[in-house]
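Enquirer: Just so it is clear, I am handing over model11.txt, which has compact mmCIF, C-alpha atoms and all ligand atoms.
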```txt
# COMPACT_ATOMS: atom_id res chain seq x y z
CA MET A 1 6.16 -27.25 7.91
CA ASN A 2 4.80 -27.91 4.43
CA ILE A 3 1.47 -26.68 3.10
CA THR A 4 -0.06 -27.19 -0.34
CA ILE A 5 -1.17 -24.20 -2.39
CA ASP A 6 -2.93 -25.00 -5.65
CA GLY A 7 -1.27 -28.42 -5.60
CA LYS A 8 2.24 -27.04 -5.05
CA ILE A 9 4.10 -27.98 -1.89
CA CYS A 10 5.30 -24.81 -0.14
CA GLN A 11 7.42 -24.35 2.97
CA ALA A 12 5.87 -22.23 5.71
CA GLU A 13 6.89 -20.98 9.14
CA GLN A 14 4.53 -21.47 12.08
CA GLY A 15 2.26 -18.39 12.25
CA GLU A 16 3.28 -17.03 8.84
CA PHE A 17 0.48 -15.46 6.80
CA LEU A 18 -0.70 -17.28 3.68
CA LEU A 19 -0.21 -14.41 1.22
CA PRO A 20 3.59 -14.06 1.52
CA ILE A 21 3.97 -17.84 1.31
CA ALA A 22 2.00 -17.87 -1.95
CA ARG A 23 3.97 -14.90 -3.34
CA ARG A 24 7.28 -16.53 -2.45
CA ASN A 25 6.18 -19.51 -4.50
CA ASN A 26 5.04 -17.41 -7.48
CA ILE A 27 1.37 -18.12 -6.86
CA HIS A 28 -0.73 -15.08 -7.73
CA ILE A 29 -3.39 -13.87 -5.32
CA PRO A 30 -4.88 -10.45 -6.14
CA THR A 31 -4.68 -7.77 -3.44
CA LEU A 32 -5.67 -4.17 -3.00
CA CYS A 33 -5.19 -3.10 0.61
CA HIS A 34 -2.05 -5.14 1.29
CA SER A 35 1.27 -3.35 1.71
CA GLU A 36 4.39 -5.10 2.96
CA ALA A 37 5.21 -1.97 4.95
CA LEU A 38 1.75 -1.91 6.57
CA PRO A 39 0.50 -5.49 6.83
CA GLY A 40 -2.80 -6.37 8.48
CA GLN A 41 -5.13 -3.82 6.92
CA ALA A 42 -7.45 -6.59 5.64
CA SER A 43 -10.21 -4.33 4.41
CA CYS A 44 -10.68 -5.19 0.72
CA ARG A 45 -11.05 -9.01 0.97
CA LEU A 46 -9.75 -9.48 -2.56
CA CYS A 47 -7.12 -11.89 -1.31
CA ILE A 48 -9.63 -14.50 -0.11
CA VAL A 49 -8.71 -18.17 -0.63
CA GLU A 50 -10.12 -21.53 0.43
CA VAL A 51 -8.41 -23.52 3.16
CA VAL A 52 -9.15 -27.24 3.43
CA GLU A 53 -8.76 -28.77 6.89
CA ASN A 54 -9.88 -32.30 7.68
CA GLY A 55 -12.08 -32.22 4.59
CA TRP A 56 -13.76 -28.95 5.62
CA HIS A 57 -13.50 -25.96 3.29
CA LYS A 58 -13.42 -22.46 4.70
CA VAL A 59 -12.89 -19.06 3.09
CA VAL A 60 -10.12 -17.02 4.71
CA THR A 61 -8.41 -13.69 4.08
CA SER A 62 -4.92 -14.76 3.01
CA CYS A 63 -3.10 -11.53 3.95
CA VAL A 64 -3.95 -12.04 7.64
CA TYR A 65 -4.49 -15.80 7.89
CA PRO A 66 -1.69 -17.43 9.91
CA VAL A 67 -0.62 -20.96 9.11
CA THR A 68 -0.67 -23.12 12.23
CA LYS A 69 -0.78 -26.61 10.70
CA GLU A 70 -0.27 -28.42 7.41
CA VAL A 71 -3.25 -27.43 5.28
CA GLU A 72 -4.33 -27.38 1.66
CA VAL A 73 -5.03 -23.99 0.10
CA ILE A 74 -6.98 -23.30 -3.10
CA THR A 75 -6.63 -19.80 -4.48
CA ASN A 76 -8.86 -20.05 -7.54
CA SER A 77 -11.79 -22.40 -6.84
CA PRO A 78 -15.07 -21.47 -8.63
CA LYS A 79 -16.43 -20.29 -5.26
CA ILE A 80 -13.46 -17.97 -4.66
CA VAL A 81 -13.50 -16.64 -8.22
CA ASN A 82 -17.23 -15.84 -7.92
CA MET A 83 -16.76 -14.08 -4.59
CA ARG A 84 -13.83 -12.09 -5.97
CA LYS A 85 -15.89 -11.08 -8.97
CA THR A 86 -18.56 -9.66 -6.67
CA ILE A 87 -15.91 -7.70 -4.73
CA ILE A 88 -14.45 -6.34 -7.98
CA MET A 89 -17.93 -5.36 -9.18
CA LEU A 90 -18.47 -3.39 -5.97
CA LEU A 91 -15.05 -1.75 -6.33
CA THR A 92 -15.94 -0.86 -9.93
CA ALA A 93 -19.16 0.73 -8.75
CA ARG A 94 -17.14 2.85 -6.35
CA ALA A 95 -14.27 3.83 -8.69
CA PRO A 96 -15.49 3.08 -12.24
CA ASN A 97 -12.58 4.60 -14.13
CA ASN A 98 -9.68 3.61 -11.95
CA GLU A 99 -6.83 1.87 -13.78
CA TYR A 100 -6.01 -0.57 -10.97
CA ILE A 101 -9.64 -1.68 -10.65
CA ASN A 102 -10.05 -1.85 -14.43
CA ARG A 103 -7.07 -4.18 -14.66
CA LEU A 104 -8.70 -6.46 -12.06
CA ARG A 105 -11.99 -6.27 -13.98
CA GLU A 106 -10.22 -7.36 -17.15
CA GLU A 107 -8.36 -10.16 -15.34
CA TYR A 108 -11.71 -11.55 -14.14
CA ALA A 109 -13.57 -10.78 -17.40
CA ILE A 110 -16.15 -8.60 -15.70
CA PRO A 111 -18.02 -6.24 -18.05
CA GLN A 112 -18.27 -2.58 -17.07
CA SER A 113 -21.61 -2.42 -15.26
CA LEU A 114 -24.13 0.30 -15.94
CA ARG A 115 -26.31 -0.88 -13.07
CA PHE A 116 -24.87 1.50 -10.53
CA THR A 117 -24.35 5.18 -11.15
CA SER A 118 -21.34 6.58 -9.39
CA ASP A 119 -18.96 9.49 -9.49
CA GLN A 120 -16.99 8.87 -12.70
CA ASP A 121 -13.97 10.70 -11.26
CA GLU A 122 -13.78 8.75 -8.00
CA GLN A 123 -10.44 6.94 -7.64
CA CYS A 124 -10.49 6.02 -3.95
CA THR A 125 -11.71 2.58 -2.89
CA LEU A 126 -11.64 3.42 0.82
CA CYS A 127 -9.07 0.71 1.53
CA GLY A 128 -7.71 2.76 4.44
CA LEU A 129 -4.00 2.27 3.69
CA CYS A 130 -3.26 6.01 3.48
CA ALA A 131 -4.85 6.81 6.85
CA ALA A 132 -3.10 3.79 8.41
CA ALA A 133 0.27 4.98 7.05
CA CYS A 134 -0.27 8.47 8.45
CA GLU A 135 -1.39 7.08 11.80
CA THR A 136 1.63 4.77 11.95
CA MET A 137 3.83 7.83 11.56
CA GLY A 138 2.05 9.30 14.59
CA LEU A 139 0.54 12.18 12.60
CA SER A 140 -3.08 11.17 11.79
CA ALA A 141 -3.44 14.15 9.47
CA ILE A 142 -6.03 12.25 7.39
CA SER A 143 -8.76 9.77 8.22
CA THR A 144 -12.00 8.43 6.80
CA VAL A 145 -14.80 10.89 7.40
CA SER A 146 -18.57 10.80 6.89
CA ARG A 147 -20.67 7.68 6.29
CA GLY A 148 -22.41 5.72 3.57
CA ILE A 149 -22.02 7.06 0.05
CA THR A 150 -20.42 10.30 1.28
CA LYS A 151 -17.63 8.44 3.11
CA LYS A 152 -14.19 9.61 2.02
CA VAL A 153 -10.61 10.12 3.16
CA SER A 154 -9.84 13.69 4.11
CA THR A 155 -8.24 16.10 6.53
CA PRO A 156 -10.46 17.37 9.38
CA TYR A 157 -13.21 19.57 7.86
CA ASP A 158 -11.37 19.37 4.51
CA GLU A 159 -9.08 22.12 5.79
CA PRO A 160 -5.27 22.10 5.47
CA SER A 161 -4.11 19.92 8.36
CA GLN A 162 -1.94 21.35 11.10
CA THR A 163 -0.18 18.02 11.57
CA CYS A 164 0.48 17.19 7.89
CA ILE A 165 4.21 17.40 7.11
CA GLY A 166 3.80 17.03 3.33
CA CYS A 167 5.79 13.77 3.20
CA SER A 168 3.32 12.29 0.64
CA THR A 169 3.65 8.81 2.17
CA CYS A 170 -0.15 8.53 1.80
CA ALA A 171 0.12 9.11 -1.95
CA GLN A 172 2.96 6.61 -2.28
CA VAL A 173 1.14 3.87 -0.41
CA CYS A 174 -2.22 4.37 -2.20
CA PRO A 175 -2.73 1.41 -4.58
CA THR A 176 -5.12 3.27 -6.87
CA GLY A 177 -3.27 6.56 -7.23
CA ALA A 178 -6.20 8.43 -5.71
CA ILE A 179 -4.11 10.93 -3.74
CA LYS A 180 -2.59 13.67 -5.82
CA ALA A 181 0.59 15.37 -4.66
CA SER A 182 1.66 18.00 -7.16
CA GLU A 183 5.21 19.34 -7.36
CA GLN A 184 6.31 22.49 -9.10
CA GLY A 185 9.81 23.84 -8.58
CA ASN A 186 10.37 23.97 -4.84
CA LYS A 187 6.67 23.61 -3.93
CA ARG A 188 4.74 20.47 -3.10
CA THR A 189 0.97 20.68 -2.67
CA ILE A 190 -1.00 17.91 -1.03
CA TRP A 191 -4.30 17.89 0.89
CA ASN A 192 -4.85 21.60 0.07
CA LYS A 193 -1.61 22.58 1.77
CA SER A 194 1.57 23.86 0.12
CA PHE A 195 5.03 23.03 1.39
CA GLU A 196 8.41 24.43 0.52
CA LEU A 197 10.84 21.75 -0.62
CA LEU A 198 14.51 21.65 0.34
CA ASN A 199 17.11 20.42 -2.11
CA CYS A 200 19.67 17.65 -1.90
CA LYS A 201 23.20 18.94 -1.32
CA GLY A 202 24.50 16.21 -3.63
CA CYS A 203 22.40 16.37 -6.78
CA GLY A 204 20.38 19.54 -6.17
CA ARG A 205 17.01 17.79 -6.57
CA TYR A 206 14.14 19.07 -4.40
CA PHE A 207 13.09 16.11 -2.31
CA ILE A 208 12.03 16.87 1.28
CA THR A 209 9.87 19.42 3.06
CA GLN A 210 11.17 21.47 6.00
CA GLU A 211 8.43 19.92 8.17
CA GLN A 212 9.52 16.42 7.11
CA LEU A 213 13.14 17.15 8.01
CA GLU A 214 12.07 18.42 11.45
CA TYR A 215 9.91 15.31 11.93
CA ILE A 216 12.85 13.01 11.10
CA ASN A 217 15.21 14.96 13.37
CA ASN A 218 12.68 14.77 16.20
CA ARG A 219 12.20 11.04 15.75
CA LEU A 220 15.93 10.37 15.61
CA ASP A 221 16.66 12.96 18.28
CA THR A 222 19.20 14.70 16.08
CA THR A 223 19.59 18.15 14.58
CA SER A 224 21.01 16.98 11.29
CA ASP A 225 20.81 19.35 8.34
CA GLU A 226 22.96 17.09 6.16
CA LEU A 227 20.54 17.04 3.28
CA LEU A 228 21.16 14.13 0.95
CA CYS A 229 18.46 12.29 -1.00
CA GLU A 230 18.40 8.48 -0.80
CA LYS A 231 20.28 8.06 -4.08
CA CYS A 232 23.09 10.46 -3.06
CA LYS A 233 23.29 8.87 0.39
CA LYS A 234 23.97 5.49 -1.25
CA THR A 235 26.62 7.00 -3.54
CA PHE A 236 28.23 8.74 -0.56
CA VAL A 237 28.40 5.49 1.45
CA PHE A 238 29.76 3.61 -1.59
CA LYS A 239 32.49 6.21 -2.18
CA LYS A 240 33.45 6.21 1.49
CA PHE A 241 33.64 2.42 1.46
CA THR A 242 35.82 2.24 -1.66
CA ALA A 243 38.06 5.03 -0.31
CA MET A 244 38.56 2.99 2.89
CA TYR A 245 39.16 -0.39 1.25
CA GLY A 246 40.31 0.67 -2.21
CA HIS A 247 38.08 -1.88 -3.96
CA VAL A 248 34.63 -3.39 -3.78
CA VAL A 249 34.41 -6.77 -2.09
CA THR A 250 32.09 -9.15 -3.92
CA LYS A 251 31.20 -12.70 -3.01
S1 LIG B 301 -6.90 7.30 -0.99
FE1 LIG B 301 -5.91 5.41 -1.74
S2 LIG B 301 -4.93 4.49 0.11
FE2 LIG B 301 -6.44 6.05 0.82
S3 LIG B 301 -8.31 4.86 1.21
FE3 LIG B 301 -8.45 5.68 -0.90
S4 LIG B 301 -7.62 4.01 -2.20
FE4 LIG B 301 -6.97 3.56 -0.11
S1 LIG B 302 -5.29 -7.66 0.46
FE1 LIG B 302 -6.06 -8.95 1.97
S2 LIG B 302 -7.87 -8.01 2.62
FE2 LIG B 302 -7.04 -6.57 1.16
```
Using C-alpha cells, write down the structure from this file.
Expert:
Amino acid sequence: MNITIDGKICQAEQGEFLLPIARRNNIHIPTLCHSEALPGQASCRLCIVEVVENGWHKVVTSCVYPVTKEVEVITNSPKIVNMRKTIIMLLTARAPNNEYINRLREEYAIPQSLRFTSDQDEQCTLCGLCAAACETMGLSAISTVSRGITKKVSTPYDEPSQTCIGCSTCAQVCPTGAIKASEQGNKRTIWNKSFELLNCKGCGRYFITQEQLEYINNRLDTTSDELLCEKCKKTFVFKKFTAMYGHVVTK
C-alpha cells in the first residue's frame, strides 16, 4: 500500500512500523531508544509523528506504530516540534553534558537550561536499551534500580554481577555512550568486574572473554575453541571460497 509522509508517497507493507518506512525514504525522524536489533523499546518518545486519518490528527510513536491503512503522516508539524522540544529539554535536564542530547538540542535550537540542576556528569537517559539487550541474551546482569531521581541502571546492589559475561553488548547498544567498558592489554573491565580477554588466532587481537566464549558454545551447543574475530572469520571464508572456485564470482 502507499502512505504519504511529509507529502512524499512511500510504499509500506501491512503492519510495518512507520519509522523504518520513513528511514527507507530518507525522511529524518529523531530517535533515542530505537535499535534495529532491539525494536519495540518505545521509551523515549522522541520519534513521535502526527498521523492523519479521515481528517483526524493523532500523535503516535513512529517506532512502534504499525501501518494498517493508507494514511498521511507529518513528521515535523509545529505541534510535533513543540512536543519534541519538551522531551529534549527533559533529556537535557537528566544528562546536561551528553553529546548525543546536545546534538538534538542544537538541531531543535533549544538553549541550555539553567532551570533544573542535575548531575553534570550524568550520561544515562534511562532509555532501557542496555537492560533490554542483556535480558534478550538471557543474562539480565543489569536492570533499572531505585526510583525517582535516584533511578539508574546497575547490577544488583552495585556489586559485580555473577551472570555478567563481559560481552559489552550493553555499552555497544547505548545511544549516549553512558556505559564505560575499559580495555587494557588482555583485561576488560565493565560494571566493576574484570574479565580476561582471549586473542584471535588469526590477527592476535584480544576480542572475547572466556565467559563470552562459553556462553556462545552453550547457546550453539558446541565446544568450539576456534578463536577467530569477525574480521578474520570473513577473510578465512573468502580465502576458502577463492581456493575452491579459483576466482570471485561477481554479478
Ligand atoms: S546506560 Fe545507555 S542504554 Fe542504558 S538506559 Fe542509560 S542511556 Fe539507555
Ligand atoms: S525511538 Fe521511538 S520511542 Fe524512542
Enquirer: Kindly work out which residues sit at most 12 Å from ligand LIG 301 (chain B), using all atoms listed in the file, and give the list as an mmCIF file with C-alpha atoms, in the frame of the given file.
Expert:
```
data_model
loop_
_atom_site.group_PDB
_atom_site.id
_atom_site.type_symbol
_atom_site.label_atom_id
_atom_site.label_comp_id
_atom_site.auth_asym_id
_atom_site.auth_seq_id
_atom_site.Cartn_x
_atom_site.Cartn_y
_atom_site.Cartn_z
ATOM 1 C CA LEU A 32 -5.670 -4.170 -3.000
ATOM 2 C CA CYS A 33 -5.190 -3.100 0.610
ATOM 3 C CA HIS A 34 -2.050 -5.140 1.290
ATOM 4 C CA SER A 35 1.270 -3.350 1.710
ATOM 5 C CA LEU A 38 1.750 -1.910 6.570
ATOM 6 C CA GLN A 41 -5.130 -3.820 6.920
ATOM 7 C CA ALA A 42 -7.450 -6.590 5.640
ATOM 8 C CA SER A 43 -10.210 -4.330 4.410
ATOM 9 C CA CYS A 44 -10.680 -5.190 0.720
ATOM 10 C CA LEU A 91 -15.050 -1.750 -6.330
ATOM 11 C CA ARG A 94 -17.140 2.850 -6.350
ATOM 12 C CA ALA A 95 -14.270 3.830 -8.690
ATOM 13 C CA ASN A 98 -9.680 3.610 -11.950
ATOM 14 C CA GLU A 99 -6.830 1.870 -13.780
ATOM 15 C CA TYR A 100 -6.010 -0.570 -10.970
ATOM 16 C CA ILE A 101 -9.640 -1.680 -10.650
ATOM 17 C CA GLU A 122 -13.780 8.750 -8.000
ATOM 18 C CA GLN A 123 -10.440 6.940 -7.640
ATOM 19 C CA CYS A 124 -10.490 6.020 -3.950
ATOM 20 C CA THR A 125 -11.710 2.580 -2.890
ATOM 21 C CA LEU A 126 -11.640 3.420 0.820
ATOM 22 C CA CYS A 127 -9.070 0.710 1.530
ATOM 23 C CA GLY A 128 -7.710 2.760 4.440
ATOM 24 C CA LEU A 129 -4.000 2.270 3.690
ATOM 25 C CA CYS A 130 -3.260 6.010 3.480
ATOM 26 C CA ALA A 131 -4.850 6.810 6.850
ATOM 27 C CA ALA A 132 -3.100 3.790 8.410
ATOM 28 C CA ALA A 133 0.270 4.980 7.050
ATOM 29 C CA CYS A 134 -0.270 8.470 8.450
ATOM 30 C CA ILE A 142 -6.030 12.250 7.390
ATOM 31 C CA SER A 143 -8.760 9.770 8.220
ATOM 32 C CA THR A 144 -12.000 8.430 6.800
ATOM 33 C CA VAL A 145 -14.800 10.890 7.400
ATOM 34 C CA LYS A 151 -17.630 8.440 3.110
ATOM 35 C CA LYS A 152 -14.190 9.610 2.020
ATOM 36 C CA VAL A 153 -10.610 10.120 3.160
ATOM 37 C CA SER A 154 -9.840 13.690 4.110
ATOM 38 C CA THR A 155 -8.240 16.100 6.530
ATOM 39 C CA SER A 168 3.320 12.290 0.640
ATOM 40 C CA THR A 169 3.650 8.810 2.170
ATOM 41 C CA CYS A 170 -0.150 8.530 1.800
ATOM 42 C CA ALA A 171 0.120 9.110 -1.950
ATOM 43 C CA GLN A 172 2.960 6.610 -2.280
ATOM 44 C CA VAL A 173 1.140 3.870 -0.410
ATOM 45 C CA CYS A 174 -2.220 4.370 -2.200
ATOM 46 C CA PRO A 175 -2.730 1.410 -4.580
ATOM 47 C CA THR A 176 -5.120 3.270 -6.870
ATOM 48 C CA GLY A 177 -3.270 6.560 -7.230
ATOM 49 C CA ALA A 178 -6.200 8.430 -5.710
ATOM 50 C CA ILE A 179 -4.110 10.930 -3.740
ATOM 51 C CA LYS A 180 -2.590 13.670 -5.820
ATOM 52 C CA ALA A 181 0.590 15.370 -4.660
ATOM 53 C CA TRP A 191 -4.300 17.890 0.890
#
```
Enquirer: As AutoDock Vina command-line options, please report the centre and edge lengths, rounded to one decimal in Å, of the axis-aligned box that holds all listed atoms of ligand LIG 302 (chain B) with 6 Å of padding on each of the six sides.
Expert:
```
--center_x -6.6 --center_y -7.8 --center_z 1.5 --size_x 14.6 --size_y 14.4 --size_z 14.2
```
Enquirer: Got a sec: who's within 12 Å of range 192-207 of chain A, counting only C-alpha atoms, leaving out chain neighbours fewer than 3 positions off, as a VMD selection string?
Expert: chain A and resid 141 to 142 154 to 168 179 to 189 210 to 214 225 to 236
Enquirer: For C-alpha atoms, I'd like the residues from the last selection saved as an mmCIF file, in the coordinates of the input.
Expert:
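Saved result, again.cif, follows:
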```cif
data_model
loop_
_atom_site.group_PDB
_atom_site.id
_atom_site.type_symbol
_atom_site.label_atom_id
_atom_site.label_comp_id
_atom_site.auth_asym_id
_atom_site.auth_seq_id
_atom_site.Cartn_x
_atom_site.Cartn_y
_atom_site.Cartn_z
ATOM 1 C CA ALA A 141 -3.440 14.150 9.470
ATOM 2 C CA ILE A 142 -6.030 12.250 7.390
ATOM 3 C CA SER A 154 -9.840 13.690 4.110
ATOM 4 C CA THR A 155 -8.240 16.100 6.530
ATOM 5 C CA PRO A 156 -10.460 17.370 9.380
ATOM 6 C CA TYR A 157 -13.210 19.570 7.860
ATOM 7 C CA ASP A 158 -11.370 19.370 4.510
ATOM 8 C CA GLU A 159 -9.080 22.120 5.790
ATOM 9 C CA PRO A 160 -5.270 22.100 5.470
ATOM 10 C CA SER A 161 -4.110 19.920 8.360
ATOM 11 C CA GLN A 162 -1.940 21.350 11.100
ATOM 12 C CA THR A 163 -0.180 18.020 11.570
ATOM 13 C CA CYS A 164 0.480 17.190 7.890
ATOM 14 C CA ILE A 165 4.210 17.400 7.110
ATOM 15 C CA GLY A 166 3.800 17.030 3.330
ATOM 16 C CA CYS A 167 5.790 13.770 3.200
ATOM 17 C CA SER A 168 3.320 12.290 0.640
ATOM 18 C CA ILE A 179 -4.110 10.930 -3.740
ATOM 19 C CA LYS A 180 -2.590 13.670 -5.820
ATOM 20 C CA ALA A 181 0.590 15.370 -4.660
ATOM 21 C CA SER A 182 1.660 18.000 -7.160
ATOM 22 C CA GLU A 183 5.210 19.340 -7.360
ATOM 23 C CA GLN A 184 6.310 22.490 -9.100
ATOM 24 C CA GLY A 185 9.810 23.840 -8.580
ATOM 25 C CA ASN A 186 10.370 23.970 -4.840
ATOM 26 C CA LYS A 187 6.670 23.610 -3.930
ATOM 27 C CA ARG A 188 4.740 20.470 -3.100
ATOM 28 C CA THR A 189 0.970 20.680 -2.670
ATOM 29 C CA GLN A 210 11.170 21.470 6.000
ATOM 30 C CA GLU A 211 8.430 19.920 8.170
ATOM 31 C CA GLN A 212 9.520 16.420 7.110
ATOM 32 C CA LEU A 213 13.140 17.150 8.010
ATOM 33 C CA GLU A 214 12.070 18.420 11.450
ATOM 34 C CA ASP A 225 20.810 19.350 8.340
ATOM 35 C CA GLU A 226 22.960 17.090 6.160
ATOM 36 C CA LEU A 227 20.540 17.040 3.280
ATOM 37 C CA LEU A 228 21.160 14.130 0.950
ATOM 38 C CA CYS A 229 18.460 12.290 -1.000
ATOM 39 C CA GLU A 230 18.400 8.480 -0.800
ATOM 40 C CA LYS A 231 20.280 8.060 -4.080
ATOM 41 C CA CYS A 232 23.090 10.460 -3.060
ATOM 42 C CA LYS A 233 23.290 8.870 0.390
ATOM 43 C CA LYS A 234 23.970 5.490 -1.250
ATOM 44 C CA THR A 235 26.620 7.000 -3.540
ATOM 45 C CA PHE A 236 28.230 8.740 -0.560
#
```
Enquirer: Between CA of Pro111 in chain A and CA of Lys79 in chain A, what is the distance in Å, rounded to a tenth?
Expert: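 These two atoms are separated by 19.1 Å.
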Enquirer: Given the point (-7.6, -25.2, 9.4) in the file's coordinates, find the residues that have an atom at most 8 Å from it, counting only C-alpha atoms, and give them as a list in words.
Expert: Val51, Val52, Glu53, Asn54, Lys58, Thr68, Lys69 and Val71 of chain A
Enquirer: My list of candidates is A:Gln14, A:Thr75, A:Ser146, A:Asn218. Which is closest to Pro30 in chain A when distances are computed with all atoms listed in the file?
Expert: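 Of all the options, A:Thr75 lies closest to Pro30 in chain A.
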Enquirer: Could you please fill out range 32-49 of chain A with N, CA and C atoms and send it back as a JSON list (two decimals), in the frame of the given file?
Expert:
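Now in out14.json:
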```json
[["chain", "number", "residue", "atom", "x", "y", "z"],
["A", 32, "LEU", "N", -5.49, -5.61, -2.83],
["A", 32, "LEU", "CA", -5.67, -4.17, -3.00],
["A", 32, "LEU", "C", -5.12, -3.45, -1.78],
["A", 33, "CYS", "N", -5.55, -3.87, -0.59],
["A", 33, "CYS", "CA", -5.19, -3.10, 0.61],
["A", 33, "CYS", "C", -3.92, -3.63, 1.27],
["A", 34, "HIS", "N", -3.24, -4.59, 0.65],
["A", 34, "HIS", "CA", -2.05, -5.14, 1.29],
["A", 34, "HIS", "C", -0.81, -4.34, 0.92],
["A", 35, "SER", "N", -0.03, -3.98, 1.94],
["A", 35, "SER", "CA", 1.27, -3.35, 1.71],
["A", 35, "SER", "C", 2.26, -4.05, 2.64],
["A", 36, "GLU", "N", 3.41, -4.41, 2.11],
["A", 36, "GLU", "CA", 4.39, -5.10, 2.96],
["A", 36, "GLU", "C", 4.82, -4.22, 4.12],
["A", 37, "ALA", "N", 4.81, -2.90, 3.90],
["A", 37, "ALA", "CA", 5.21, -1.97, 4.95],
["A", 37, "ALA", "C", 4.12, -1.81, 6.01],
["A", 38, "LEU", "N", 2.88, -2.09, 5.64],
["A", 38, "LEU", "CA", 1.75, -1.91, 6.57],
["A", 38, "LEU", "C", 0.84, -3.13, 6.53],
["A", 39, "PRO", "N", 1.34, -4.29, 6.94],
["A", 39, "PRO", "CA", 0.50, -5.49, 6.83],
["A", 39, "PRO", "C", -0.67, -5.44, 7.82],
["A", 40, "GLY", "N", -1.71, -6.23, 7.51],
["A", 40, "GLY", "CA", -2.80, -6.37, 8.48],
["A", 40, "GLY", "C", -3.97, -5.45, 8.28],
["A", 41, "GLN", "N", -4.00, -4.73, 7.17],
["A", 41, "GLN", "CA", -5.13, -3.82, 6.92],
["A", 41, "GLN", "C", -6.42, -4.63, 6.74],
["A", 42, "ALA", "N", -6.36, -5.63, 5.86],
["A", 42, "ALA", "CA", -7.45, -6.59, 5.64],
["A", 42, "ALA", "C", -8.82, -5.95, 5.47],
["A", 43, "SER", "N", -8.91, -4.97, 4.60],
["A", 43, "SER", "CA", -10.21, -4.33, 4.41],
["A", 43, "SER", "C", -10.86, -4.66, 3.07],
["A", 44, "CYS", "N", -10.07, -5.02, 2.05],
["A", 44, "CYS", "CA", -10.68, -5.19, 0.72],
["A", 44, "CYS", "C", -11.22, -6.59, 0.48],
["A", 45, "ARG", "N", -10.66, -7.60, 1.10],
["A", 45, "ARG", "CA", -11.05, -9.01, 0.97],
["A", 45, "ARG", "C", -10.79, -9.61, -0.41],
["A", 46, "LEU", "N", -10.05, -8.93, -1.24],
["A", 46, "LEU", "CA", -9.75, -9.48, -2.56],
["A", 46, "LEU", "C", -8.89, -10.73, -2.48],
["A", 47, "CYS", "N", -8.11, -10.81, -1.41],
["A", 47, "CYS", "CA", -7.12, -11.89, -1.31],
["A", 47, "CYS", "C", -7.69, -13.17, -0.70],
["A", 48, "ILE", "N", -9.02, -13.29, -0.69],
["A", 48, "ILE", "CA", -9.63, -14.50, -0.11],
["A", 48, "ILE", "C", -9.18, -15.78, -0.84],
["A", 49, "VAL", "N", -9.04, -16.84, -0.07],
["A", 49, "VAL", "CA", -8.71, -18.17, -0.63],
["A", 49, "VAL", "C", -9.48, -19.22, 0.18]]
```
